[in-house]
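Below is my_file_2.txt, holding compact mmCIF, C-alpha atoms.
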```
# COMPACT_ATOMS: atom_id res chain seq x y z
CA MET A 1 0.00 0.00 0.00
CA ASN A 2 2.81 2.44 0.89
CA ARG A 3 4.44 1.71 -2.45
CA ILE A 4 1.25 2.68 -4.33
CA VAL A 5 0.98 5.97 -2.41
CA PHE A 6 4.65 6.70 -3.13
CA LEU A 7 4.24 6.01 -6.87
CA PHE A 8 1.13 8.19 -6.99
CA ALA A 9 2.97 11.05 -5.25
CA VAL A 10 5.90 10.75 -7.67
CA GLY A 11 3.48 10.76 -10.62
CA VAL A 12 1.79 13.91 -9.35
CA CYS A 13 5.17 15.62 -8.94
CA PHE A 14 6.12 14.76 -12.53
CA ALA A 15 2.78 15.99 -13.83
CA ILE A 16 3.16 19.29 -11.98
CA GLY A 17 6.82 19.55 -12.98
CA GLN A 18 5.93 19.41 -16.68
CA ALA A 19 4.32 22.89 -16.65
CA LEU A 20 6.43 25.49 -18.41
CA GLU A 21 7.51 28.51 -16.35
CA CYS A 22 7.96 31.83 -18.17
CA TYR A 23 8.59 35.48 -17.47
CA LYS A 24 5.52 37.69 -17.81
CA CYS A 25 5.45 41.39 -18.66
CA SER A 26 2.08 42.81 -19.64
CA ILE A 27 3.62 45.84 -21.36
CA GLY A 28 7.04 47.42 -21.42
CA PHE A 29 8.33 50.56 -23.08
CA GLY A 30 11.81 51.03 -24.52
CA SER A 31 14.19 48.79 -22.60
CA LEU A 32 12.00 48.60 -19.45
CA CYS A 33 9.85 45.49 -19.04
CA ILE A 34 9.04 44.65 -15.40
CA THR A 35 8.64 40.88 -15.16
CA THR A 36 7.12 38.32 -12.87
CA LYS A 37 7.11 34.54 -13.23
CA THR A 38 4.06 32.67 -14.50
CA THR A 39 3.17 29.07 -15.29
CA CYS A 40 1.80 28.29 -18.74
CA ASN A 41 -1.20 26.14 -19.50
CA GLU A 42 -0.88 22.98 -21.56
CA GLY A 43 -0.25 23.78 -25.24
CA GLU A 44 1.40 27.13 -24.49
CA LEU A 45 5.01 28.24 -24.90
CA CYS A 46 6.99 31.18 -23.52
CA PHE A 47 7.07 34.22 -25.81
CA SER A 48 8.87 37.52 -26.13
CA GLY A 49 7.14 40.19 -28.16
CA VAL A 50 8.69 43.32 -29.62
CA GLY A 51 6.88 45.94 -31.61
CA LYS A 52 5.82 49.52 -32.12
CA ALA A 53 2.87 51.39 -30.64
CA ALA A 54 1.40 54.26 -32.63
CA GLY A 55 4.11 53.60 -35.21
CA PHE A 56 7.05 54.95 -33.18
CA VAL A 57 7.08 53.85 -29.50
CA ASP A 58 9.06 50.65 -28.83
CA ILE A 59 7.01 48.20 -26.77
CA LYS A 60 7.65 44.74 -25.31
CA MET A 61 5.56 41.92 -23.88
CA LYS A 62 6.39 38.53 -22.38
CA GLY A 63 4.36 35.61 -21.17
CA CYS A 64 2.66 32.41 -22.34
CA LEU A 65 1.15 32.02 -25.79
CA GLU A 66 -0.72 29.28 -27.65
CA ARG A 67 1.59 27.35 -29.98
CA SER A 68 -0.52 28.27 -33.01
CA LYS A 69 0.07 32.01 -32.41
CA CYS A 70 3.86 31.73 -32.08
CA ASN A 71 6.38 33.39 -34.40
CA ALA A 72 3.77 35.61 -36.00
CA SER A 73 3.10 39.31 -36.24
CA GLU A 74 0.03 40.70 -34.58
CA GLU A 75 -1.63 43.99 -35.43
CA VAL A 76 -4.08 45.44 -32.92
CA ASN A 77 -6.39 48.13 -34.24
CA PHE A 78 -8.44 50.65 -32.32
CA PRO A 79 -11.78 51.08 -34.07
CA THR A 80 -13.01 54.64 -34.35
CA SER A 81 -16.04 56.03 -36.10
CA ASN A 82 -13.95 57.09 -39.13
CA SER A 83 -11.30 54.38 -39.48
CA ASN A 84 -9.33 51.60 -37.85
CA ALA A 85 -6.18 53.19 -36.45
CA THR A 86 -3.36 50.78 -35.66
CA LEU A 87 -2.78 50.76 -31.91
CA TYR A 88 0.33 48.54 -32.09
CA GLN A 89 2.14 45.92 -34.16
CA MET A 90 4.14 43.17 -32.48
CA LEU A 91 6.18 40.12 -33.46
CA LYS A 92 5.80 37.34 -30.89
CA THR A 93 8.67 34.83 -30.86
CA CYS A 94 8.32 31.63 -28.81
CA CYS A 95 10.70 29.30 -27.02
CA ASP A 96 10.10 26.09 -25.08
CA GLY A 97 12.35 26.04 -22.02
CA ASP A 98 11.71 27.23 -18.49
CA LEU A 99 12.29 31.01 -18.27
CA CYS A 100 13.67 31.00 -21.83
CA ASN A 101 12.04 34.37 -22.61
CA ALA A 102 14.35 36.33 -20.29
CA ALA A 103 16.11 38.50 -22.88
CA PRO A 104 15.62 41.23 -23.92
CA GLY A 105 14.17 42.95 -20.91
CA LEU A 106 14.86 43.24 -17.26
CA PRO A 107 13.72 40.09 -15.46
CA GLY A 108 13.57 40.48 -11.73
CA THR A 109 13.74 44.26 -11.86
CA SER A 110 13.48 45.50 -8.31
CA VAL A 111 10.74 47.65 -6.84
CA LEU A 112 13.38 50.33 -6.26
CA SER A 113 14.12 50.50 -9.99
CA LEU A 114 10.42 50.79 -10.73
CA ALA A 115 10.05 53.57 -8.17
CA VAL A 116 13.00 55.50 -9.64
CA ALA A 117 11.57 55.14 -13.15
CA THR A 118 8.13 56.31 -11.99
CA ILE A 119 9.50 59.34 -10.15
CA SER A 120 11.69 60.25 -13.13
CA ALA A 121 8.68 60.04 -15.44
CA MET A 122 6.67 62.28 -13.10
CA PHE A 123 9.44 64.90 -13.05
CA ALA A 124 9.74 64.77 -16.84
CA ALA A 125 5.97 65.16 -17.27
CA ASN A 126 5.93 68.07 -14.80
CA ALA A 127 8.76 69.80 -16.68
CA LEU A 128 6.91 69.48 -19.99
CA VAL A 129 3.68 71.02 -18.67
```

Can you dump the structure from the file as structure tokens?
Amino acid sequence: MNRIVFLFAVGVCFAIGQALECYKCSIGFGSLCITTKTTCNEGELCFSGVGKAAGFVDIKMKGCLERSKCNASEEVNFPTSNSNATLYQMLKTCCDGDLCNAAPGLPGTSVLSLAVATISAMFAANALV
């Protein structure tokens, strides 16, 4: 009986251990992409996305993505009453190892770095107004 419980526990550990772990960044600008770690669902891979918002602002994203959407460009449009303006274009490149989507970006960026960036942005915005 103990042997069956042990084999079941080992099987559960292997099943849980098969989930892919990736860095996640919902949106990053320029070289700043604040990341956390996330676990992908079955059928997903890690991805790093780079693109342009409004045609000139460099943006980045990271996370998990369905295999079928990997290594493809995505264009997101913002519908208006007159036309469909492109909000952003992004190329999403996938990889299949734990935390393989680390570069480019700043994985593990500290809260202090985020605070400094936020305060700097506030001073810059105040100077422009």

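Shortest atom-to-atom contact with Phe78 of chain A among A:Cys40, A:Gly30, A:Ala54, A:Cys22: A:Ala54, counting only C-alpha atoms.
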
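In terms of minimum interatomic distance to Ala85 of chain A, A:Gly55 ranks closest within A:Gly49, A:Gly28, A:Gly43, A:Gly55, counting all atoms listed in the file.
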
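Summary of the local environment: counting only C-alpha atoms, residues at most 8 Å from Met90 of chain A, other than itself and those fewer than 6 positions away along its chain, are Gly49, Val50, Gly51, Lys52, Ser73, Glu74 and Glu75 of chain A.
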
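Of the residues under consideration (A:Cys46, A:Ile34, A:Cys25, A:Ile59), A:Cys46 shows the shortest atom-to-atom contact distance to Asp96 of chain A when counting only C-alpha atoms.
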
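For the choices A:Ala53, A:Ala72, A:Cys64, A:Leu91, the atom-to-atom distance to Lys24 of chain A is smallest for A:Cys64 when using only C-alpha atoms.
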
Next on the checklist: If we count all atoms listed in the file and set the cut-off at 12 Å, which residues sit around Glu44 of chain A, ignoring sequence neighbours fewer than 3 positions away in its own chain? Please answer as an MDAnalysis selection string.
Outcome noted: chainID A and resid 18:22 38:41 47 63:70 94:98

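Taking atom CA of Asp58 of chain A and atom CA of Leu87 of chain A as endpoints, the distance between them is 12.2 Å.
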
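Of note, atom CA of Gln89 of chain A and atom CA of Lys62 of chain A are spaced 14.5 Å apart.
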
Item to check | Selected residue of minimal separation from Thr36 of chain A among A:Tyr88, A:Val76, A:Ser48, A:Tyr23, counting all atoms listed in the file | outcome: A:Tyr23

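Pairwise distance (atom CA of Lys37 of chain A, atom CA of Ala103 of chain A) equals 13.8 Å.
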